[in-house]
$ cat start.cif   # mmCIF, C-alpha atoms
data_final
#
loop_
_atom_site.label_atom_id
_atom_site.label_comp_id
_atom_site.auth_asym_id
_atom_site.auth_seq_id
_atom_site.Cartn_x
_atom_site.Cartn_y
_atom_site.Cartn_z
CA MET A 1 109.12 122.70 118.51
CA ALA A 2 110.35 119.45 116.96
CA GLN A 3 113.89 118.14 117.00
CA GLU A 4 115.03 114.91 115.40
CA THR A 5 116.39 112.41 117.85
CA THR A 6 117.13 108.74 118.20
CA THR A 7 116.89 108.88 121.97
CA ARG A 8 113.87 107.22 123.55
CA HIS A 9 111.88 109.77 125.44
CA GLY A 10 108.81 109.08 127.46
CA TYR A 11 107.74 110.59 130.72
CA GLU A 12 107.92 109.31 134.24
CA GLY A 13 104.76 109.08 136.27
CA ASP A 14 101.27 107.71 135.92
CA ALA A 15 99.66 108.21 132.54
CA LEU A 16 96.26 107.78 134.13
CA PRO A 17 95.25 107.73 137.77
CA ASN A 18 95.83 104.22 139.08
CA ALA A 19 92.53 102.69 140.04
CA GLN A 20 92.35 100.97 143.39
CA VAL A 21 92.77 97.26 142.76
CA ASP A 22 89.79 96.42 144.96
CA ALA A 23 87.59 98.74 142.91
CA LEU A 24 88.47 97.14 139.59
CA PRO A 25 85.81 94.91 138.01
CA GLU A 26 86.34 91.18 138.30
CA LEU A 27 86.88 89.03 135.22
CA THR A 28 84.33 86.35 134.41
CA GLN A 29 85.40 82.82 133.59
CA ALA A 30 84.67 83.49 129.93
CA GLU A 31 86.88 86.59 130.01
CA LEU A 32 89.69 84.65 131.68
CA VAL A 33 89.60 82.25 128.75
CA ARG A 34 89.34 84.99 126.12
CA TYR A 35 92.24 87.07 127.47
CA ASP A 36 94.50 84.13 128.31
CA ARG A 37 97.44 85.42 126.23
CA HIS A 38 97.25 88.74 128.08
CA LEU A 39 97.06 87.15 131.49
CA ILE A 40 100.38 85.36 131.10
CA LEU A 41 102.17 88.62 130.28
CA PRO A 42 103.90 89.95 133.43
CA GLN A 43 103.10 93.55 132.35
CA VAL A 44 99.39 92.75 132.09
CA GLY A 45 98.26 89.79 134.17
CA VAL A 46 94.85 89.62 135.82
CA GLU A 47 95.20 93.06 137.40
CA GLY A 48 96.12 94.68 134.09
CA GLN A 49 93.23 93.02 132.32
CA ARG A 50 90.92 94.32 135.04
CA LYS A 51 92.33 97.81 134.39
CA LEU A 52 91.49 97.40 130.71
CA LYS A 53 87.98 96.29 131.60
CA ALA A 54 87.54 99.36 133.83
CA ALA A 55 88.88 101.80 131.24
CA SER A 56 86.96 103.97 128.80
CA VAL A 57 88.25 105.27 125.46
CA LEU A 58 86.61 107.66 123.02
CA LEU A 59 87.41 107.32 119.31
CA ILE A 60 86.86 110.39 117.17
CA GLY A 61 86.00 108.87 113.81
CA ALA A 62 85.10 105.39 112.58
CA GLY A 63 87.08 105.62 109.34
CA GLY A 64 90.61 104.66 108.32
CA LEU A 65 92.30 105.14 111.69
CA GLY A 66 89.17 104.45 113.71
CA SER A 67 88.79 100.99 112.16
CA PRO A 68 91.98 99.33 113.51
CA LEU A 69 91.65 101.36 116.71
CA ALA A 70 88.17 100.06 117.41
CA LEU A 71 88.96 96.48 116.43
CA TYR A 72 92.11 96.09 118.48
CA LEU A 73 90.88 97.98 121.54
CA ALA A 74 87.73 95.88 121.55
CA ALA A 75 89.72 92.69 121.14
CA ALA A 76 92.04 93.77 123.94
CA GLY A 77 89.11 94.07 126.33
CA VAL A 78 88.83 97.82 126.86
CA GLY A 79 85.58 97.85 128.79
CA ARG A 80 83.85 100.91 127.34
CA ILE A 81 84.51 102.26 123.86
CA GLY A 82 82.77 105.36 122.58
CA ILE A 83 82.78 106.32 118.90
CA VAL A 84 81.91 109.70 117.41
CA ASP A 85 80.93 109.68 113.72
CA PHE A 86 78.10 110.92 111.51
CA ASP A 87 79.01 109.45 108.11
CA VAL A 88 77.70 106.48 106.13
CA VAL A 89 79.73 103.67 104.60
CA ASP A 90 80.75 104.38 101.01
CA GLU A 91 82.26 101.81 98.67
CA SER A 92 85.44 103.91 98.39
CA ASN A 93 85.91 103.55 102.17
CA LEU A 94 86.43 99.80 102.01
CA GLN A 95 89.96 100.07 100.61
CA ARG A 96 91.15 101.05 104.11
CA GLN A 97 88.25 101.14 106.58
CA VAL A 98 88.31 97.48 107.57
CA LEU A 99 85.73 97.91 110.31
CA HIS A 100 83.05 97.88 107.60
CA GLY A 101 82.13 95.45 104.82
CA THR A 102 80.44 95.45 101.44
CA LYS A 103 77.10 94.60 103.05
CA ASP A 104 77.38 97.83 105.07
CA ILE A 105 77.50 100.21 102.10
CA GLY A 106 74.93 102.94 102.73
CA ARG A 107 74.62 102.17 106.45
CA PRO A 108 75.68 104.65 109.13
CA LYS A 109 79.23 103.82 110.13
CA LEU A 110 78.23 103.71 113.78
CA GLU A 111 75.71 100.93 113.12
CA SER A 112 78.27 98.95 111.16
CA ALA A 113 80.92 99.52 113.83
CA ARG A 114 78.65 98.53 116.70
CA ASP A 115 77.62 95.26 115.03
CA ARG A 116 81.20 94.31 114.15
CA LEU A 117 82.62 95.13 117.58
CA HIS A 118 79.88 93.32 119.46
CA ASP A 119 80.55 90.28 117.30
CA LEU A 120 84.27 90.56 118.02
CA ASN A 121 83.86 90.97 121.77
CA PRO A 122 80.42 90.71 123.42
CA TYR A 123 81.88 91.45 126.86
CA ILE A 124 82.51 95.15 126.26
CA GLN A 125 80.25 98.20 126.06
CA ILE A 126 80.00 100.19 122.81
CA GLU A 127 78.64 103.73 122.99
CA THR A 128 77.88 105.66 119.81
CA HIS A 129 77.62 109.40 119.30
CA GLU A 130 76.10 110.07 115.88
CA THR A 131 77.08 113.70 115.55
CA LEU A 132 79.73 116.04 114.26
CA LEU A 133 82.07 116.91 117.14
CA ARG A 134 81.63 120.65 117.68
CA SER A 135 82.60 123.31 120.17
CA ASP A 136 79.15 123.15 121.77
CA ASN A 137 79.10 119.38 122.39
CA ALA A 138 82.75 118.27 122.63
CA LEU A 139 83.25 118.87 126.34
CA GLY A 140 80.05 117.03 127.22
CA ILE A 141 80.96 114.01 125.11
CA CYS A 142 84.65 113.76 126.00
CA GLN A 143 84.43 114.32 129.75
CA ASN A 144 83.04 110.83 130.37
CA TYR A 145 86.07 108.98 128.94
CA ASP A 146 89.59 108.35 130.25
CA ILE A 147 91.43 108.66 126.93
CA ILE A 148 90.54 110.50 123.72
CA ILE A 149 91.92 109.12 120.45
CA ASP A 150 92.02 111.37 117.40
CA GLY A 151 91.27 109.48 114.19
CA THR A 152 90.14 112.51 112.20
CA ASP A 153 91.31 113.84 108.84
CA ASN A 154 90.77 117.60 109.12
CA PHE A 155 92.49 120.39 110.98
CA GLN A 156 89.35 121.87 112.53
CA THR A 157 88.60 118.71 114.48
CA ARG A 158 92.24 118.09 115.38
CA TYR A 159 92.49 121.48 117.06
CA LEU A 160 89.11 120.96 118.73
CA VAL A 161 90.11 117.53 120.09
CA ASN A 162 93.41 118.95 121.34
CA ASP A 163 91.77 121.87 123.12
CA VAL A 164 89.11 119.71 124.75
CA CYS A 165 91.77 117.31 126.03
CA VAL A 166 93.86 120.18 127.43
CA LEU A 167 90.87 121.72 129.19
CA LEU A 168 89.76 118.35 130.61
CA GLY A 169 93.31 117.18 131.42
CA LYS A 170 92.96 114.03 129.31
CA PRO A 171 95.55 112.37 127.06
CA ASN A 172 95.07 112.91 123.33
CA VAL A 173 96.37 109.94 121.33
CA TYR A 174 97.07 111.50 117.94
CA GLY A 175 97.57 109.96 114.51
CA SER A 176 97.47 111.19 110.93
CA ILE A 177 98.06 109.64 107.51
CA PHE A 178 98.67 110.86 103.98
CA ARG A 179 99.66 108.90 100.90
CA PHE A 180 102.47 106.61 102.15
CA GLU A 181 103.37 108.44 105.36
CA GLY A 182 101.94 108.56 108.85
CA GLN A 183 102.68 109.99 112.26
CA ALA A 184 101.60 109.39 115.82
CA SER A 185 102.09 110.92 119.25
CA VAL A 186 100.44 111.35 122.64
CA PHE A 187 99.69 114.96 123.55
CA HIS A 188 99.29 115.25 127.31
CA PRO A 189 100.46 118.42 129.11
CA GLY A 190 99.30 116.91 132.40
CA ALA A 191 102.03 114.29 132.00
CA GLY A 192 104.70 116.89 131.28
CA GLY A 193 104.45 116.80 127.50
CA PRO A 194 103.33 119.29 124.86
CA CYS A 195 99.94 119.61 123.21
CA TYR A 196 99.13 119.65 119.49
CA ARG A 197 99.31 123.45 119.44
CA CYS A 198 102.88 123.34 120.76
CA LEU A 199 103.77 121.42 117.58
CA TYR A 200 101.44 123.25 115.19
CA PRO A 201 100.47 126.65 116.67
CA GLU A 202 98.40 127.54 113.60
CA PRO A 203 96.77 125.52 110.82
CA PRO A 204 98.06 125.75 107.26
CA PRO A 205 96.14 127.99 104.85
CA PRO A 206 92.99 126.33 103.46
CA GLY A 207 93.80 124.13 100.47
CA MET A 208 97.55 124.19 101.10
CA VAL A 209 97.62 120.62 102.41
CA PRO A 210 95.63 118.19 100.24
CA SER A 211 93.27 115.87 102.07
CA CYS A 212 93.45 112.10 101.67
CA ALA A 213 90.48 112.46 99.32
CA GLU A 214 92.65 114.63 97.07
CA GLY A 215 96.10 113.14 97.60
CA GLY A 216 95.17 109.52 98.24
CA VAL A 217 96.33 107.13 100.94
CA LEU A 218 97.77 103.63 100.90
CA GLY A 219 95.02 101.41 102.27
CA LEU A 220 97.44 99.60 104.59
CA LEU A 221 98.76 102.79 106.20
CA PRO A 222 95.90 103.50 108.62
CA GLY A 223 96.24 99.93 109.87
CA ILE A 224 99.83 100.58 110.91
CA VAL A 225 99.25 104.02 112.43
CA GLY A 226 95.95 103.03 114.04
CA VAL A 227 97.54 100.02 115.74
CA ILE A 228 100.30 102.29 117.06
CA GLN A 229 97.62 104.56 118.53
CA ALA A 230 95.81 101.58 120.06
CA THR A 231 99.08 100.36 121.57
CA GLU A 232 99.67 103.76 123.17
CA ALA A 233 96.16 103.74 124.65
CA VAL A 234 96.68 100.29 126.18
CA LYS A 235 100.05 101.36 127.63
CA LEU A 236 98.41 104.42 129.17
CA ILE A 237 95.73 102.25 130.76
CA LEU A 238 98.23 99.71 132.08
CA ASN A 239 100.77 102.39 133.04
CA GLU A 240 103.48 100.28 131.39
CA GLY A 241 106.35 101.12 129.05
CA GLU A 242 107.34 104.46 127.57
CA THR A 243 104.55 106.33 125.86
CA LEU A 244 104.85 108.75 122.95
CA VAL A 245 104.36 111.73 125.26
CA GLY A 246 107.00 114.22 124.10
CA ARG A 247 107.78 112.24 120.96
CA LEU A 248 106.47 112.31 117.40
CA LEU A 249 106.82 109.00 115.57
CA LEU A 250 107.09 109.32 111.77
CA PHE A 251 106.56 106.36 109.43
CA ASP A 252 107.43 106.12 105.73
CA ALA A 253 105.85 103.02 104.19
CA LEU A 254 107.77 103.27 100.91
CA LYS A 255 111.12 103.22 102.70
CA MET A 256 109.79 101.08 105.58
CA LYS A 257 111.46 103.41 108.04
CA PHE A 258 110.50 104.97 111.34
CA ARG A 259 111.96 108.24 112.60
CA GLU A 260 111.43 109.97 115.89
CA LEU A 261 111.30 113.65 116.73
CA ARG A 262 111.47 114.97 120.25
CA LEU A 263 108.68 117.43 121.00
CA ARG A 264 108.90 120.27 123.48
CA ARG A 265 106.30 122.49 125.05
CA SER A 266 105.77 125.93 123.64
CA PRO A 267 107.67 128.55 125.67
CA ALA A 268 104.24 130.04 126.40
CA CYS A 269 103.27 126.93 128.37
CA PRO A 270 104.72 126.54 131.88
CA ALA A 271 105.06 123.04 133.26
CA ASP A 272 101.93 123.35 135.35
CA GLY A 273 100.02 120.45 133.87
CA ARG A 274 98.07 122.70 131.53
CA CYS A 275 98.95 124.14 128.15
CA THR A 276 98.26 127.85 128.47
CA LEU A 277 97.99 128.22 124.71
CA VAL A 278 94.46 126.88 125.14
CA LYS A 279 92.06 129.25 126.87
CA GLU A 280 88.65 128.04 125.71
CA LEU A 281 86.87 126.34 122.84
CA ILE A 282 86.53 128.56 119.78
CA ASP A 283 85.03 128.60 116.27
CA TYR A 284 87.40 126.09 114.66
CA ASP A 285 86.10 126.60 111.12
CA GLN A 286 86.94 130.26 111.43
CA PHE A 287 90.31 129.48 113.06
CA CYS A 288 91.23 127.20 110.16
CA GLY A 289 89.95 129.64 107.55
CA ILE A 290 87.05 127.41 106.50
CA THR A 291 84.03 129.34 105.25
CA PRO A 292 80.71 127.77 106.32
CA ALA A 293 78.84 126.09 103.48
CA GLN A 294 75.96 128.55 103.53
CA GLU A 295 78.41 131.39 102.94
CA VAL A 296 79.90 129.82 99.83
CA ALA A 297 76.61 128.88 98.15
CA ALA A 298 76.98 131.86 95.81
CA VAL A 299 79.63 131.68 93.11
CA ALA A 300 82.57 133.97 93.80
CA GLU A 301 83.77 136.39 91.12
CA TRP A 302 86.91 134.32 90.54
CA GLU A 303 85.00 131.02 90.13
CA ILE A 304 83.00 129.32 87.43
CA THR A 305 80.56 126.45 87.98
CA PRO A 306 80.61 123.25 85.91
CA LEU A 307 77.29 124.17 84.30
CA GLN A 308 78.55 127.66 83.41
CA LEU A 309 81.68 126.17 81.86
CA LYS A 310 79.62 123.63 79.93
CA HIS A 311 77.40 126.43 78.60
CA LYS A 312 80.40 128.39 77.38
CA LEU A 313 81.92 125.35 75.68
CA GLU A 314 78.64 124.41 73.99
CA HIS A 315 78.37 127.95 72.60
CA GLY A 316 81.78 127.73 70.97
CA GLU A 317 83.70 129.99 73.32
CA THR A 318 87.45 129.38 73.34
CA ILE A 319 88.43 128.24 76.83
CA THR A 320 91.87 127.02 77.90
CA ILE A 321 91.27 124.37 80.56
CA ILE A 322 94.27 123.59 82.78
CA ASP A 323 94.10 120.49 84.98
CA VAL A 324 96.53 120.89 87.90
CA ARG A 325 96.09 117.39 89.32
CA GLU A 326 98.69 114.61 89.17
CA PRO A 327 99.07 112.26 86.15
CA HIS A 328 97.52 109.28 87.97
CA GLU A 329 94.42 111.37 88.73
CA TRP A 330 94.19 112.47 85.09
CA GLN A 331 94.10 108.82 84.05
CA ILE A 332 90.98 108.20 86.14
CA GLY A 333 88.99 110.94 84.42
CA ASN A 334 89.69 114.21 82.65
CA LEU A 335 88.31 116.94 80.43
CA ALA A 336 90.56 116.11 77.48
CA PRO A 337 87.53 115.98 75.12
CA TYR A 338 87.16 119.69 75.81
CA GLY A 339 90.83 120.41 75.15
CA ALA A 340 92.03 120.27 78.76
CA ARG A 341 95.79 120.08 79.36
CA LEU A 342 97.55 118.54 82.32
CA ILE A 343 100.00 120.81 84.16
CA PRO A 344 100.43 119.54 87.75
CA LEU A 345 100.31 122.28 90.37
CA GLY A 346 104.00 122.01 91.21
CA GLN A 347 104.92 122.64 87.56
CA VAL A 348 102.67 125.63 86.92
CA PRO A 349 105.27 128.36 87.71
CA GLN A 350 107.80 126.77 85.34
CA ARG A 351 105.28 126.20 82.51
CA LEU A 352 103.54 129.56 82.35
CA HIS A 353 104.95 130.02 78.86
CA GLU A 354 102.64 127.20 77.70
CA ILE A 355 99.53 129.16 78.71
CA ASN A 356 98.38 131.99 76.44
CA PRO A 357 97.43 135.04 78.58
CA ALA A 358 95.19 136.35 75.80
CA GLU A 359 92.79 133.40 76.19
CA GLU A 360 90.14 132.78 78.83
CA ILE A 361 91.57 130.24 81.27
CA VAL A 362 89.82 127.82 83.64
CA VAL A 363 91.93 125.89 86.13
CA HIS A 364 90.65 122.85 87.99
CA CYS A 365 91.73 120.01 90.26
CA LYS A 366 89.73 117.37 92.13
CA VAL A 367 87.65 119.60 94.41
CA GLY A 368 89.06 123.11 93.97
CA GLY A 369 91.80 123.55 96.56
CA ARG A 370 94.89 123.04 94.44
CA SER A 371 93.42 124.91 91.49
CA ALA A 372 92.80 127.88 93.79
CA GLN A 373 96.55 127.95 94.38
CA ALA A 374 97.16 127.75 90.62
CA TYR A 375 94.72 130.64 90.18
CA ASP A 376 96.82 132.73 92.57
CA VAL A 377 100.01 131.87 90.65
CA LEU A 378 98.45 132.91 87.34
CA LYS A 379 97.01 136.14 88.71
CA ALA A 380 100.35 137.05 90.27
CA ALA A 381 101.98 136.45 86.89
CA GLY A 382 99.65 138.97 85.23
CA TYR A 383 96.99 136.68 83.77
CA VAL A 384 93.65 138.51 83.75
CA GLN A 385 91.05 136.11 82.35
CA VAL A 386 91.31 133.28 84.89
CA LYS A 387 88.58 131.31 86.64
CA ASN A 388 88.69 128.43 89.10
CA LEU A 389 86.27 125.55 88.45
CA LYS A 390 84.06 125.48 91.55
CA GLY A 391 84.06 122.01 93.10
CA GLY A 392 86.63 120.65 90.66
CA ILE A 393 86.21 117.63 88.45
CA LEU A 394 84.07 115.88 91.07
CA ALA A 395 81.49 118.65 90.72
CA TRP A 396 81.73 118.26 86.92
CA ALA A 397 81.01 114.54 87.33
CA ASP A 398 78.03 115.28 89.58
CA GLU A 399 76.52 118.14 87.61
CA VAL A 400 77.52 117.55 83.97
CA ASP A 401 78.84 114.07 83.19
CA ARG A 402 77.56 111.38 85.54
CA SER A 403 79.32 108.69 83.52
CA MET A 404 82.72 110.05 84.57
CA LYS A 405 84.60 107.92 87.09
CA LYS A 406 84.95 109.47 90.55
CA TYR A 407 87.62 108.80 93.13
#

$ encode --input "start.cif" --output "structure tokens"
Amino acid sequence: MAQETTTRHGYEGDALPNAQVDALPELTQAELVRYDRHLILPQVGVEGQRKLKAASVLLIGAGGLGSPLALYLAAAGVGRIGIVDFDVVDESNLQRQVLHGTKDIGRPKLESARDRLHDLNPYIQIETHETLLRSDNALGICQNYDIIIDGTDNFQTRYLVNDVCVLLGKPNVYGSIFRFEGQASVFHPGAGGPCYRCLYPEPPPPGMVPSCAEGGVLGLLPGIVGVIQATEAVKLILNEGETLVGRLLLFDALKMKFRELRLRRSPACPADGRCTLVKELIDYDQFCGITPAQEVAAVAEWEITPLQLKHKLEHGETITIIDVREPHEWQIGNLAPYGARLIPLGQVPQRLHEINPAEEIVVHCKVGGRSAQAYDVLKAAGYVQVKNLKGGILAWADEVDRSMKKY
């Protein structure tokens, strides 16, 4: 559904229903001073700033993308900002989640966000929803906002946010980041554009796409993509410029290049203002192939726990440990003292000759996703004695060696 183009493509028509000017809230004298640089812009002016004050935006996530989104939308004077999150601030967040500080480590992200945003702009309303967005609460939370902005990092929530926006007829300002690359768009069938499912009808198999926790992310990247998302939200509120409806903006930080792909509706979706791919909210864990935690508590036949592996090693059993992470991950922490060898996942098919099929083999990565793929490669090649380390090296650090560095 994507085609590379250099042609600018927006959509004609109101992004959001134009509020009656008389019904817009007035600006106080303090707000006139604060937003002075907006007021002298012909595309904003006093009326535009009043539109911003009257608008409501819901941010899904207060992390990497949610941080610049919240900061810049608050500074811009968006009158009501809702944030959905249920996590606490971790020290590893601070490399990119600039909404929070060192003093906030251990605090709920929503508390940290609320304090920072109120300090930045006391004239706006901050609403917090300390919960995981789920099929049974998403419609109730999202229906009270004009624009929904997706700052999540997992496929289950992305599909959920998309489907809620389609059913409610609200614009979905999308962004995602990974390593040095990011992308952004506005999915809004009601404005003539496609939805997220038109671009990605089905999620990738579990573990096929590494998360940022596994693959890493340049700390600056969410700042760039998040600001693009915030800009799109402001344009939608003001009804100015060409939005990213029908366009996917791709950014490569290493090359410092932007590309643009034109997006089209799925053939299954008539131009009736609603994407007919979406019928109702579903079980998104099941849709994305994610097994609920309670169902994976038991160790599968093809897995081995860190404690089980430690027991075998301590009793002198010969185990070939294959680490399928990348070299930079190996440098942070590894099982080399136990004879582990580094063979990155992408090299496993070409280096099978280095692995003795007569030995018992344990493959591992950071959390278990990539090593599950390596397990499949080995089994397909005829290896019989293969196990996947459940939870990866992070589980080893938690359960066996707490002195090991985590990332």

$ residues_around --input "start.cif" --residues "A:Gly45" --least-positions-apart "4" --cutoff "12 Å" --atoms "all atoms listed in the file" --output "ChimeraX atom specification"
/A:27,32,35-41,49-52,238

$ write_last_selection --input "start.cif" --atoms "C-alpha atoms" --output "CSV table (one decimal), in the frame of the given file"
chain,number,residue,atom,x,y,z
A,27,LEU,CA,86.9,89.0,135.2
A,32,LEU,CA,89.7,84.6,131.7
A,35,TYR,CA,92.2,87.1,127.5
A,36,ASP,CA,94.5,84.1,128.3
A,37,ARG,CA,97.4,85.4,126.2
A,38,HIS,CA,97.2,88.7,128.1
A,39,LEU,CA,97.1,87.2,131.5
A,40,ILE,CA,100.4,85.4,131.1
A,41,LEU,CA,102.2,88.6,130.3
A,49,GLN,CA,93.2,93.0,132.3
A,50,ARG,CA,90.9,94.3,135.0
A,51,LYS,CA,92.3,97.8,134.4
A,52,LEU,CA,91.5,97.4,130.7
A,238,LEU,CA,98.2,99.7,132.1

$ closest_residue --input "start.cif" --among "A:Tyr123, A:Phe155, A:Tyr145, A:Phe178" --to "A:Leu65" --atoms "all atoms listed in the file"
A:Phe178

$ residues_around --input "start.cif" --residues "A:Leu352" --least-positions-apart "5" --cutoff "9 Å" --atoms "only C-alpha atoms" --output "list in words"
Gln347, Leu378 and Ala381 of chain A

$ resolve_selection --input "start.cif" --expression "the PyMOL selection byres ((chain A and resi 283) around 12)" --output "number ranges by chain"
A: 134-136, 156-157, 159-160, 163, 280-282, 284-292

$ resolve_selection --input "start.cif" --expression "the PyMOL selection byres ((chain A and resi 223) around 10)" --output "PDB file with C-alpha atoms, in the coordinates of the input"
ATOM      1  CA  GLY A  64      90.610 104.660 108.320  1.00  0.00           C
ATOM      2  CA  LEU A  65      92.300 105.140 111.690  1.00  0.00           C
ATOM      3  CA  GLY A  66      89.170 104.450 113.710  1.00  0.00           C
ATOM      4  CA  SER A  67      88.790 100.990 112.160  1.00  0.00           C
ATOM      5  CA  PRO A  68      91.980  99.330 113.510  1.00  0.00           C
ATOM      6  CA  LEU A  69      91.650 101.360 116.710  1.00  0.00           C
ATOM      7  CA  ARG A  96      91.150 101.050 104.110  1.00  0.00           C
ATOM      8  CA  GLN A  97      88.250 101.140 106.580  1.00  0.00           C
ATOM      9  CA  VAL A  98      88.310  97.480 107.570  1.00  0.00           C
ATOM     10  CA  LEU A 218      97.770 103.630 100.900  1.00  0.00           C
ATOM     11  CA  GLY A 219      95.020 101.410 102.270  1.00  0.00           C
ATOM     12  CA  LEU A 220      97.440  99.600 104.590  1.00  0.00           C
ATOM     13  CA  LEU A 221      98.760 102.790 106.200  1.00  0.00           C
ATOM     14  CA  PRO A 222      95.900 103.500 108.620  1.00  0.00           C
ATOM     15  CA  ILE A 224      99.830 100.580 110.910  1.00  0.00           C
ATOM     16  CA  VAL A 225      99.250 104.020 112.430  1.00  0.00           C
ATOM     17  CA  GLY A 226      95.950 103.030 114.040  1.00  0.00           C
ATOM     18  CA  VAL A 227      97.540 100.020 115.740  1.00  0.00           C
ATOM     19  CA  ILE A 228     100.300 102.290 117.060  1.00  0.00           C
ATOM     20  CA  GLN A 229      97.620 104.560 118.530  1.00  0.00           C
TER      21      GLN A 229
END

$ closest_residue --input "start.cif" --among "A:Lys406, A:Val173, A:Pro203, A:Glu314" --to "A:Gly246" --atoms "only C-alpha atoms"
A:Val173

$ atom_distance --input "start.cif" --atom1 "atom CA of A:Gly216" --atom2 "atom CA of A:Thr131"
25.4 Å

$ residues_around --input "start.cif" --residues "A:Leu132" --least-positions-apart "3" --cutoff "8 Å" --atoms "all atoms listed in the file" --output "ChimeraX atom specification"
/A:84-86

$ resolve_selection --input "start.cif" --expression "the PyMOL selection byres ((chain A and resi 87) around 10)" --output "ChimeraX atom specification"
/A:61-63,84-86,88-90,106-110,130-132

$ atom_distance --input "start.cif" --atom1 "atom CA of A:Pro25" --atom2 "atom CA of A:Tyr72"
20.6 Å

$ atom_distance --input "start.cif" --atom1 "atom CA of A:Ile332" --atom2 "atom CA of A:Ser403"
12.0 Å

$ closest_residue --input "start.cif" --among "A:Val324, A:Leu335, A:Leu277, A:Leu71" --to "A:Asn388" --atoms "all atoms listed in the file"
A:Val324

$ residues_near_point --input "start.cif" --point "(84.6, 85.0, 127.2)" --cutoff "12 Å" --atoms "only C-alpha atoms" --output "PyMOL selection string"
chain A and resi 27-36+75-77+119-124

$ closest_residue --input "start.cif" --among "A:Val161, A:Ile148, A:Ala374, A:Leu59" --to "A:Gly346" --atoms "only C-alpha atoms"
A:Ala374

$ closest_residue --input "start.cif" --among "A:Asn334, A:Thr320, A:Gln373, A:Asn144" --to "A:Leu168" --atoms "only C-alpha atoms"
A:Asn144

$ closest_residue --input "start.cif" --among "A:Ala340, A:Ile321, A:Cys365, A:Val78" --to "A:Ala230" --atoms "all atoms listed in the file"
A:Val78

$ residues_around --input "start.cif" --residues "A:Val57" --least-positions-apart "2" --cutoff "9 Å" --atoms "all atoms listed in the file" --output "PyMOL selection string"
chain A and resi 55+59+73+78-83+145-149+233

$ axis_aligned_box --input "start.cif" --around "stretch 364-372 of chain A" --padding-each-side "4 Å" --output "JSON"
{"center_x": 91.3, "center_y": 122.6, "center_z": 92.3, "size_x": 15.2, "size_y": 18.5, "size_z": 16.6}

$ build_atoms --input "start.cif" --residues "stretch 171-180 of chain A" --atoms "N, CA, C and O atoms" --output "PDB file, in the coordinates of the input"
ATOM      1  N   PRO A 171      94.587 112.638 128.139  1.00  0.00           N
ATOM      2  CA  PRO A 171      95.550 112.370 127.060  1.00  0.00           C
ATOM      3  C   PRO A 171      94.877 112.312 125.713  1.00  0.00           C
ATOM      4  O   PRO A 171      93.777 111.772 125.566  1.00  0.00           O
ATOM      5  N   ASN A 172      95.542 112.870 124.699  1.00  0.00           N
ATOM      6  CA  ASN A 172      95.070 112.910 123.330  1.00  0.00           C
ATOM      7  C   ASN A 172      96.010 112.046 122.498  1.00  0.00           C
ATOM      8  O   ASN A 172      97.145 112.428 122.220  1.00  0.00           O
ATOM      9  N   VAL A 173      95.547 110.856 122.121  1.00  0.00           N
ATOM     10  CA  VAL A 173      96.370 109.940 121.330  1.00  0.00           C
ATOM     11  C   VAL A 173      96.155 110.294 119.861  1.00  0.00           C
ATOM     12  O   VAL A 173      95.097 110.032 119.293  1.00  0.00           O
ATOM     13  N   TYR A 174      97.177 110.874 119.263  1.00  0.00           N
ATOM     14  CA  TYR A 174      97.070 111.500 117.940  1.00  0.00           C
ATOM     15  C   TYR A 174      97.653 110.603 116.849  1.00  0.00           C
ATOM     16  O   TYR A 174      98.676 109.933 117.039  1.00  0.00           O
ATOM     17  N   GLY A 175      97.025 110.626 115.683  1.00  0.00           N
ATOM     18  CA  GLY A 175      97.570 109.960 114.510  1.00  0.00           C
ATOM     19  C   GLY A 175      97.091 110.658 113.259  1.00  0.00           C
ATOM     20  O   GLY A 175      95.995 111.226 113.235  1.00  0.00           O
ATOM     21  N   SER A 176      97.903 110.650 112.224  1.00  0.00           N
ATOM     22  CA  SER A 176      97.470 111.190 110.930  1.00  0.00           C
ATOM     23  C   SER A 176      98.163 110.422 109.830  1.00  0.00           C
ATOM     24  O   SER A 176      99.249 109.855 110.021  1.00  0.00           O
ATOM     25  N   ILE A 177      97.542 110.401 108.649  1.00  0.00           N
ATOM     26  CA  ILE A 177      98.060 109.640 107.510  1.00  0.00           C
ATOM     27  C   ILE A 177      97.885 110.451 106.245  1.00  0.00           C
ATOM     28  O   ILE A 177      96.958 111.259 106.126  1.00  0.00           O
ATOM     29  N   PHE A 178      98.784 110.228 105.297  1.00  0.00           N
ATOM     30  CA  PHE A 178      98.670 110.860 103.980  1.00  0.00           C
ATOM     31  C   PHE A 178      99.556 110.110 103.003  1.00  0.00           C
ATOM     32  O   PHE A 178     100.758 109.932 103.247  1.00  0.00           O
ATOM     33  N   ARG A 179      98.953 109.641 101.936  1.00  0.00           N
ATOM     34  CA  ARG A 179      99.660 108.900 100.900  1.00  0.00           C
ATOM     35  C   ARG A 179     100.390 107.697 101.486  1.00  0.00           C
ATOM     36  O   ARG A 179      99.778 106.698 101.845  1.00  0.00           O
ATOM     37  N   PHE A 180     101.712 107.742 101.629  1.00  0.00           N
ATOM     38  CA  PHE A 180     102.470 106.610 102.150  1.00  0.00           C
ATOM     39  C   PHE A 180     103.112 106.925 103.505  1.00  0.00           C
ATOM     40  O   PHE A 180     103.958 106.168 103.968  1.00  0.00           O
TER      41      PHE A 180
END
